[in-house]
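The next block holds one structure in the form of structure tokens; read it before the comments.
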Amino acid sequence: MKICHTIDEMRAVRVAARGVGKTIGLVPTMGALHEGHLSLVRMAKAQCDLVVVSIFVNPLQFGPNEDLAKYPRNFDRDCDLLEREGVDFILAPSVEEMYPAGAVTYVTVESLSDKLCGRSRPGHFRGVTTVVSKLFNIVQPDRAFFGQKDAAQSTIIRRMVRDLNIPVQVVIGAIVREPDGLAMSSRNAYLDVPQRKSALVLHRSLQTVQALFDQGERRVQTLIEAGKQAFGRDPSVQLDYLEIVDPETLDPVDDLSRGALVAVAAFVGKARLIDNLVLPGNT
Ligand code: PAF
């Protein structure tokens, strides 16, 4: 496994791979890897000749009062995990390499970037789409792999790829959960033992919505209210949003016949966690 710290090194890898007709899969990450990331790596390995994993904690997608400074970082452990998965290349650029002084160009997916997490985290999705488009330009992957846990991010990246005709196939991997249902996230590392227990409420609220839906409930407000009520009154948990939206436009829906995304975000202590489920449409 080779570690590329510069864009030039990565480009040379890309040129060589193209020269011998090899396909490249890219798994963009911010490190602090868990089974969710590794499931994407395995998908990439199964679908591509060579796999690149980028590890870059992207300052552009963090707000001024967010957790950039304390975001979990464990580069050596990440490298060991990726080596064991048989990853071919890690791209681990510095902030200066990615954003040289004077960089003033951004990629924004208008009208989607201020929905769901974008509403609570202004500028977040602009940071994501800017860094992901840079990674796409640097690595020029045939396929890129993202997790369904960040459902809005996946929608926005797919729209960016479509709108800008970026020649990459975006593949979305299923949410990977702990045995008790908590969606895997690097930010779970912030939780102490009681908070870890409290955090299960996100999954529980989605299960409440799913159960009602399975019983035939189709009134969106009823489903939302039931999901919110599942939060109860735990003082360590603060619900940010629970919304039922169109998976493509991220706009709230009142008709579930074409399927919908139920997305939830909450602070548990200082950790901001997200989760979601997809309700199927009428077939
Ligand atoms: O999902 C993430 O970890 C990040 O948003 C991504 C896609 C690696 C961009 O920094």
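Identifiers in this document derive from the order of the structure tokens: chains are assigned A, B, ..., residues are numbered from 1 separately in each chain, and ligands are numbered from 1 in order of occurrence.
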
Sorted by chain and rising residue number, which residues of chain A lie within 7 Å of ligand 1, and what are their closest atom pairs and distances in Å to one decimal, counting only C-alpha atoms and all ligand atoms, as CSV?
```
residue,atom,partner,partner_atom_place_in_ligand_line,distance
A:Pro28,CA,ligand 1,8 (C),4.4
A:Thr29,CA,ligand 1,8 (C),3.7
A:Met30,CA,ligand 1,3 (O),4.8
A:Phe56,CA,ligand 1,10 (O),6.7
A:Val57,CA,ligand 1,10 (O),6.4
A:Asn58,CA,ligand 1,10 (O),5.2
A:Val128,CA,ligand 1,9 (C),4.9
A:Val131,CA,ligand 1,10 (O),6.1
A:Val132,CA,ligand 1,9 (C),5.8
A:Phe146,CA,ligand 1,7 (C),6.9
A:Asp150,CA,ligand 1,1 (O),6.6
```

Sort by chain and increasing residue number a table of all residues of stretch 58-177 of chain A within 10 Å of stretch 235-248 of chain A, each with its closest pair of atoms and their distance in Å to one decimal, counting only C-alpha atoms, and write it as a Markdown table.
```
| residue | atom | partner | partner_atom | distance |
| --- | --- | --- | --- | --- |
| A:Leu112 | CA | A:Glu248 | CA | 8.9 |
| A:Lys115 | CA | A:Val245 | CA | 9.8 |
| A:Leu116 | CA | A:Tyr241 | CA | 7.4 |
| A:Cys117 | CA | A:Tyr241 | CA | 8.6 |
| A:Arg119 | CA | A:Tyr241 | CA | 9.8 |
| A:Ser120 | CA | A:Asp240 | CA | 7.8 |
| A:Ala151 | CA | A:Pro247 | CA | 8.0 |
| A:Ala152 | CA | A:Pro247 | CA | 7.8 |
| A:Ser154 | CA | A:Pro247 | CA | 9.7 |
| A:Thr155 | CA | A:Glu248 | CA | 6.2 |
| A:Ile156 | CA | A:Glu248 | CA | 8.4 |
| A:Arg158 | CA | A:Glu248 | CA | 9.3 |
| A:Arg159 | CA | A:Glu248 | CA | 8.4 |
```

Using only N, CA, C and O atoms, please write the residues we just selected to a file, as a PDB file, in the first residue's frame.
```pdb
ATOM      1  N   LEU A 112     -30.122  22.572  -2.872  1.00  0.00           N
ATOM      2  CA  LEU A 112     -30.109  21.366  -2.033  1.00  0.00           C
ATOM      3  C   LEU A 112     -29.247  21.591  -0.783  1.00  0.00           C
ATOM      4  O   LEU A 112     -29.449  20.959   0.250  1.00  0.00           O
ATOM      5  N   LYS A 115     -30.665  22.379   2.853  1.00  0.00           N
ATOM      6  CA  LYS A 115     -31.719  21.525   3.417  1.00  0.00           C
ATOM      7  C   LYS A 115     -31.106  20.596   4.481  1.00  0.00           C
ATOM      8  O   LYS A 115     -29.913  20.312   4.463  1.00  0.00           O
ATOM      9  N   LEU A 116     -31.954  20.054   5.351  1.00  0.00           N
ATOM     10  CA  LEU A 116     -31.545  19.100   6.387  1.00  0.00           C
ATOM     11  C   LEU A 116     -30.287  19.615   7.118  1.00  0.00           C
ATOM     12  O   LEU A 116     -30.318  20.711   7.656  1.00  0.00           O
ATOM     13  N   CYS A 117     -29.177  18.866   7.083  1.00  0.00           N
ATOM     14  CA  CYS A 117     -27.989  19.325   7.825  1.00  0.00           C
ATOM     15  C   CYS A 117     -27.489  20.663   7.305  1.00  0.00           C
ATOM     16  O   CYS A 117     -26.859  21.424   8.048  1.00  0.00           O
ATOM     17  N   ARG A 119     -29.187  23.201   6.679  1.00  0.00           N
ATOM     18  CA  ARG A 119     -29.883  24.302   7.356  1.00  0.00           C
ATOM     19  C   ARG A 119     -29.218  24.571   8.711  1.00  0.00           C
ATOM     20  O   ARG A 119     -29.003  25.716   9.095  1.00  0.00           O
ATOM     21  N   SER A 120     -28.878  23.495   9.424  1.00  0.00           N
ATOM     22  CA  SER A 120     -28.265  23.683  10.750  1.00  0.00           C
ATOM     23  C   SER A 120     -26.778  23.959  10.647  1.00  0.00           C
ATOM     24  O   SER A 120     -26.186  24.443  11.604  1.00  0.00           O
ATOM     25  N   ALA A 151     -27.235  10.637   3.961  1.00  0.00           N
ATOM     26  CA  ALA A 151     -28.127  10.540   2.801  1.00  0.00           C
ATOM     27  C   ALA A 151     -28.180  11.844   2.006  1.00  0.00           C
ATOM     28  O   ALA A 151     -28.137  11.831   0.770  1.00  0.00           O
ATOM     29  N   ALA A 152     -28.249  12.977   2.713  1.00  0.00           N
ATOM     30  CA  ALA A 152     -28.329  14.258   1.993  1.00  0.00           C
ATOM     31  C   ALA A 152     -27.030  14.497   1.225  1.00  0.00           C
ATOM     32  O   ALA A 152     -27.049  14.957   0.069  1.00  0.00           O
ATOM     33  N   SER A 154     -25.106  12.258  -0.037  1.00  0.00           N
ATOM     34  CA  SER A 154     -25.115  11.397  -1.223  1.00  0.00           C
ATOM     35  C   SER A 154     -25.971  12.007  -2.330  1.00  0.00           C
ATOM     36  O   SER A 154     -25.579  12.022  -3.500  1.00  0.00           O
ATOM     37  N   THR A 155     -27.144  12.519  -1.956  1.00  0.00           N
ATOM     38  CA  THR A 155     -28.025  13.144  -2.945  1.00  0.00           C
ATOM     39  C   THR A 155     -27.327  14.334  -3.605  1.00  0.00           C
ATOM     40  O   THR A 155     -27.362  14.507  -4.831  1.00  0.00           O
ATOM     41  N   ILE A 156     -26.680  15.137  -2.784  1.00  0.00           N
ATOM     42  CA  ILE A 156     -26.040  16.364  -3.288  1.00  0.00           C
ATOM     43  C   ILE A 156     -24.853  16.010  -4.191  1.00  0.00           C
ATOM     44  O   ILE A 156     -24.663  16.624  -5.251  1.00  0.00           O
ATOM     45  N   ARG A 158     -24.480  13.221  -5.910  1.00  0.00           N
ATOM     46  CA  ARG A 158     -25.006  12.667  -7.173  1.00  0.00           C
ATOM     47  C   ARG A 158     -25.497  13.787  -8.085  1.00  0.00           C
ATOM     48  O   ARG A 158     -25.289  13.764  -9.291  1.00  0.00           O
ATOM     49  N   ARG A 159     -26.132  14.819  -7.493  1.00  0.00           N
ATOM     50  CA  ARG A 159     -26.615  15.942  -8.307  1.00  0.00           C
ATOM     51  C   ARG A 159     -25.429  16.724  -8.902  1.00  0.00           C
ATOM     52  O   ARG A 159     -25.445  17.131 -10.056  1.00  0.00           O
TER      53      ARG A 159
END
```

Picked from stretch 61-237 of chain A by DSSP as strand (DSSP E), as a ChimeraX atom specification: /A:89-91,143-147,169-173,237

Residues of the last selection are to be written out with N, CA and C atoms, as an mmCIF file, in the first residue's frame.
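In the end it all went to part_31.cif:
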```cif
data_model
loop_
_atom_site.group_PDB
_atom_site.id
_atom_site.type_symbol
_atom_site.label_atom_id
_atom_site.label_comp_id
_atom_site.auth_asym_id
_atom_site.auth_seq_id
_atom_site.Cartn_x
_atom_site.Cartn_y
_atom_site.Cartn_z
ATOM 1 N N PHE A 89 -3.867 2.400 -2.455
ATOM 2 C CA PHE A 89 -3.291 3.732 -2.239
ATOM 3 C C PHE A 89 -4.104 4.505 -1.211
ATOM 4 N N ILE A 90 -3.385 5.241 -0.369
ATOM 5 C CA ILE A 90 -4.035 6.229 0.506
ATOM 6 C C ILE A 90 -3.622 7.601 -0.014
ATOM 7 N N LEU A 91 -4.601 8.475 -0.159
ATOM 8 C CA LEU A 91 -4.294 9.874 -0.469
ATOM 9 C C LEU A 91 -4.500 10.651 0.821
ATOM 10 N N ARG A 143 -15.204 4.960 -10.227
ATOM 11 C CA ARG A 143 -16.326 4.877 -9.284
ATOM 12 C C ARG A 143 -15.921 5.509 -7.963
ATOM 13 N N ALA A 144 -16.914 6.111 -7.292
ATOM 14 C CA ALA A 144 -16.650 6.673 -5.964
ATOM 15 C C ALA A 144 -17.734 6.184 -5.025
ATOM 16 N N PHE A 145 -17.345 5.889 -3.788
ATOM 17 C CA PHE A 145 -18.206 5.165 -2.853
ATOM 18 C C PHE A 145 -18.488 6.034 -1.629
ATOM 19 N N PHE A 146 -19.783 6.211 -1.336
ATOM 20 C CA PHE A 146 -20.218 7.017 -0.188
ATOM 21 C C PHE A 146 -21.243 6.218 0.606
ATOM 22 N N GLY A 147 -21.432 6.604 1.875
ATOM 23 C CA GLY A 147 -22.351 5.860 2.730
ATOM 24 C C GLY A 147 -23.740 6.488 2.767
ATOM 25 N N GLN A 169 -18.907 7.199 -11.583
ATOM 26 C CA GLN A 169 -20.147 6.555 -11.142
ATOM 27 C C GLN A 169 -20.181 6.587 -9.616
ATOM 28 N N VAL A 170 -21.230 7.174 -9.071
ATOM 29 C CA VAL A 170 -21.345 7.265 -7.611
ATOM 30 C C VAL A 170 -22.095 6.040 -7.098
ATOM 31 N N VAL A 171 -21.473 5.345 -6.142
ATOM 32 C CA VAL A 171 -22.075 4.127 -5.576
ATOM 33 C C VAL A 171 -22.335 4.392 -4.084
ATOM 34 N N ILE A 172 -23.550 4.072 -3.646
ATOM 35 C CA ILE A 172 -23.918 4.337 -2.245
ATOM 36 C C ILE A 172 -24.015 3.012 -1.481
ATOM 37 N N GLY A 173 -23.284 2.915 -0.383
ATOM 38 C CA GLY A 173 -23.304 1.698 0.445
ATOM 39 C C GLY A 173 -24.278 1.842 1.606
ATOM 40 N N VAL A 237 -29.979 14.786 25.262
ATOM 41 C CA VAL A 237 -30.269 14.696 23.824
ATOM 42 C C VAL A 237 -31.061 15.924 23.379
#
```

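Minimum atom-to-atom distance to A:Arg218, evaluated using only C-alpha atoms, belongs to A:Ser257 out of A:Thr105, A:Ser257, A:Gln61, A:Ser39.
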
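Around A:Gly63, within 9 Å and counting only C-alpha atoms, the residues found are Pro59, Asp67, Leu68, Arg121, Pro122, Gly123 and His124 of chain A, once anything fewer than 4 positions away on its own chain is removed.
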
Shortest interatomic distance to A:Lys228 - which of A:Thr249, A:Gln140, A:Ser94, A:Ser205, counting only C-alpha atoms: A:Ser205

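The coordinates place atom CA of A:Ile166 at 16.9 Å from atom CA of A:Glu110.
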
DSSP helix (DSSP H, G or I) selection over stretch 78-184 of chain A, as a VMD selection string: chain A and resid 78 to 84 95 to 98 117 to 120 124 to 139 148 to 163

Give me, as CSV, each residue of stretch 92-201 of chain A that comes within 10 Å of stretch 72-87 of chain A, together with its shortest interatomic pair and the distance in Å at one decimal, counting only C-alpha atoms, with rows ordered by chain and rising residue number.
```
residue,atom,partner,partner_atom,distance
A:Ala92,CA,A:Phe75,CA,9.2
A:Ser186,CA,A:Pro72,CA,7.1
A:Arg187,CA,A:Pro72,CA,7.5
A:Asn188,CA,A:Pro72,CA,9.9
A:Ala189,CA,A:Pro72,CA,7.5
A:Tyr190,CA,A:Pro72,CA,8.5
```

Straight-line distance linking atom CA of A:His203 with atom CA of A:Ala46, stated in Å to one decimal: 29.4 Å

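Between atom CA of A:Met160 and atom CA of A:Thr130 the separation is 10.0 Å.
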
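For the choices A:Glu97, A:Asp88, A:Asp114, A:Asp163, the atom-to-atom distance to A:Lys134 is smallest for A:Glu97 when using only C-alpha atoms.
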
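Ranking A:Thr108, A:Ser54, A:Thr129, A:Ser185 by their shortest atom-to-atom distance to A:Lys2, with only C-alpha atoms included, puts A:Ser54 first.
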